Every structure is written in C-alpha cells, then in structure tokens.
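Data block below; observations after.
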Amino acid sequence: MEFANNSWFQPPSFLLTGIPGLEALHKWLSIPLCATYLVALLGNCTIVLVIKATSVLHEPQYILLPTLATTDVSLSLSTLPTVLNAFLRNRSEVEVHCCLTQMCFIHTFSSMESAILLAMALDRFVAIRNPLHYTVVLTPPRITGMGLAALLRGVLLMAPLPILLKRLPFCKGVTLSHCYCYHPDTMKLACGPVRINIVYGLSLVLCSFGVDSVFIVISYILILKTVLGIASGDGQLKARNTCVSHIFTVFIFYVPLIVLALIHRFGTFTSPLLRVTMANLFLFLTPVLNPLVCP
C-alpha cells in the first residue's frame, strides 16, 4: 500500500495485526479463536432462549441477564469478520469505512455493557436492602427502560467517534495494533488537530465507564454494609453468594478495559505481545465467562 506524498493522506484501508512474531501460526491459532467465538455465541444465546422460554423466569430480576447476553453476542459479532480474516485467511486489510463502523459498534456495545452492569448492581442493592419493595421499585417497564437508556446512551456518545476521525489525515502509517478497530489505536495513526478527539475520548471514558464504575463501587459498598448488618448467618451467606457472581462479572469487564486504556495512553514501551493479549482479553473474556458466571 503506497502513501500519498502529502500530509493529508486519507487511506483507503487499514492493516490489522494478529499476534506479532507468530504470523506463521495464525491459521492454527484461528482454531481456538473459532472455538472461543462459538462458546460465547452459544452460551449467551442459550441464556436468552432459556429465559424467554421459561415463564417462571419472566421476573424483573431476570430481565437484565438476557440484555447482558444480547450485548455480549452483539460485541462478538461486531469483531468476528476482522478477527477471523486476520487469523484464518491471513487477510489483514480492512476498508477504512468498515473499520470506523466496527469501531463505533465495539465502543457502543462496550458502553452498553457498562451501563447494564450498573443496572445489575442497582438491582442487587434493591433486592438485598429492600427485598419487600423490590417488585415495586424495579418493575419490568423500569428495567426495560434501563436497557433502552443504555442503548441510547451508547449510540449518542459513540456515534461521533468515526466522524471525528474521518476529518483527520493519517500520515503516521496504516497498521493498527489489534485485529479489530479500536479508537485509541486508530487515533494514534492520525495527525493534524487531534486535540478534539483526545478531549472527546477522555470525556467519553469519564461520562460512561468512569461514572458507571463509581456508582457500581458505591452500590456494592452499600450492599456489603447491608449484608454485614444481617443477623442471620444463612441470610448473610445467601446475600454474599448473590453478589459474588455479579462482582466477578464487573471485574472481568473493567480490568482488561482499564489495562488496555492505560497501555494505549502510557504504554509507549510496552511489549506488543502484552498489548495484543489485553486487547484479546477485553474482546473475549466477558462474552465467554458471563454465561458461566451470571446465572
């Protein structure tokens, strides 16, 4: 791919990166990747179908589970074409508009997942703090409204990302660090006035993931305080077991996300293998483990 001889080069496509140094093994590595996608899709689709088919599960506390599972399926499907092309077919080239569209989907579904995890923390808080008022406070229409609000927030906040990138020239190369399009990674290749992109990206992190994580932590602190105030040992054990799976779900979502963000922000000398590992953990860990943990 040849560059134009001017600083306002707009590439027709980007080049994705699999695992540096292991290019010869990409076809073999595609086997566990395909298995991972299969597990993620089957596990999350099973949750959705089981809850839909079982009338006793049509209760407020179970509505958020298929919502989370649907988000995980959508996130997996949004990255499936480029990941399998990069590994299975050794085709690393992705058209720029497809790349920007994929980037928008990835960040939208990630924002949705963060909001849903916040809603689940609120759900556990109400269930443990005021169990007698649970069905009054969290009615099915309200929980459905939370899911729609998560979708709307994700779309409105993340839609400007590809628009802001499209206005920039890409004079620092066309090779991305991952096998999918990720905003901080793509922005590193841009030159020109990127301050707006940096400020908006930071605002997105603070307004979505930052706010969500703070309220999730507050919710579980209040839950812990309530659990410690329960006189019955059996009651404490039941409440703790209810929360452990949700806390683990939050952990496996936020840890790779935070580490990946820090690597892109400060990891100039970070090993490429570490960057790829965290990117793949962010992509696969939550969709694969959520069906095993959440129920």
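Chain lettering (A, B, ...) mirrors the order of the structure tokens, residue numbering begins at 1 for each chain separately, and ligand numbering begins at 1 in order of display.
Residues with any atom within 10 Å of Pro162 in chain A, counting only C-alpha atoms and excluding same-chain neighbours fewer than 6 positions away, are His97, Cys99, Leu100, Thr101, Gln102, Met103, Cys104, His183, Thr186 and Asn197 of chain A.
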Kindly provide the residues of range 80-177 of chain A that approach range 273-293 of chain A to within 12 Å, each paired with its closest atom pair and their distance in Å to one decimal, based on only C-alpha atoms, listed by chain and increasing number, as a tab-separated table.
residue	atom	partner	partner_atom	distance
A:Leu80	CA	A:Leu283	CA	10.3
A:Val83	CA	A:Asn280	CA	9.9
A:Ile106	CA	A:Leu283	CA	9.2
A:His107	CA	A:Leu283	CA	11.2
A:Phe109	CA	A:Leu283	CA	11.2
A:Ser110	CA	A:Leu283	CA	9.7
A:Glu113	CA	A:Thr286	CA	9.7
A:Ser114	CA	A:Thr286	CA	11.4
A:Leu117	CA	A:Asn290	CA	11.3
A:Leu176	CA	A:Val276	CA	10.9
A:Ser177	CA	A:Val276	CA	7.3
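Looking only at range 179-219 of chain A, the set that DSSP places in alpha helix (DSSP H) from backbone geometry is His183, Pro184, Asp185, Thr186, Met187, Arg195, Ile196, Asn197, Ile198, Val199, Tyr200, Gly201, Leu202, Ser203, Leu204, Val211, Asp212, Ser213, Val214, Phe215, Ile216, Val217, Ile218 and Ser219 of chain A.
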Looking only at strand (DSSP E or B) from DSSP on the backbone, list the matching residues of range 78-287 of chain A as an mmCIF file with C-alpha atoms, in the first residue's frame.
data_model
loop_
_atom_site.group_PDB
_atom_site.id
_atom_site.type_symbol
_atom_site.label_atom_id
_atom_site.label_comp_id
_atom_site.auth_asym_id
_atom_site.auth_seq_id
_atom_site.Cartn_x
_atom_site.Cartn_y
_atom_site.Cartn_z
ATOM 1 C CA GLU A 93 -6.629 -5.339 5.223
ATOM 2 C CA VAL A 94 -9.902 -3.680 6.227
ATOM 3 C CA GLU A 95 -11.594 -0.881 4.310
ATOM 4 C CA THR A 175 -1.026 -0.504 10.530
#
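Atom pair CA of Val48 in chain A / CA of Thr70 in chain A has a distance of 7.3 Å (rounded to one decimal).
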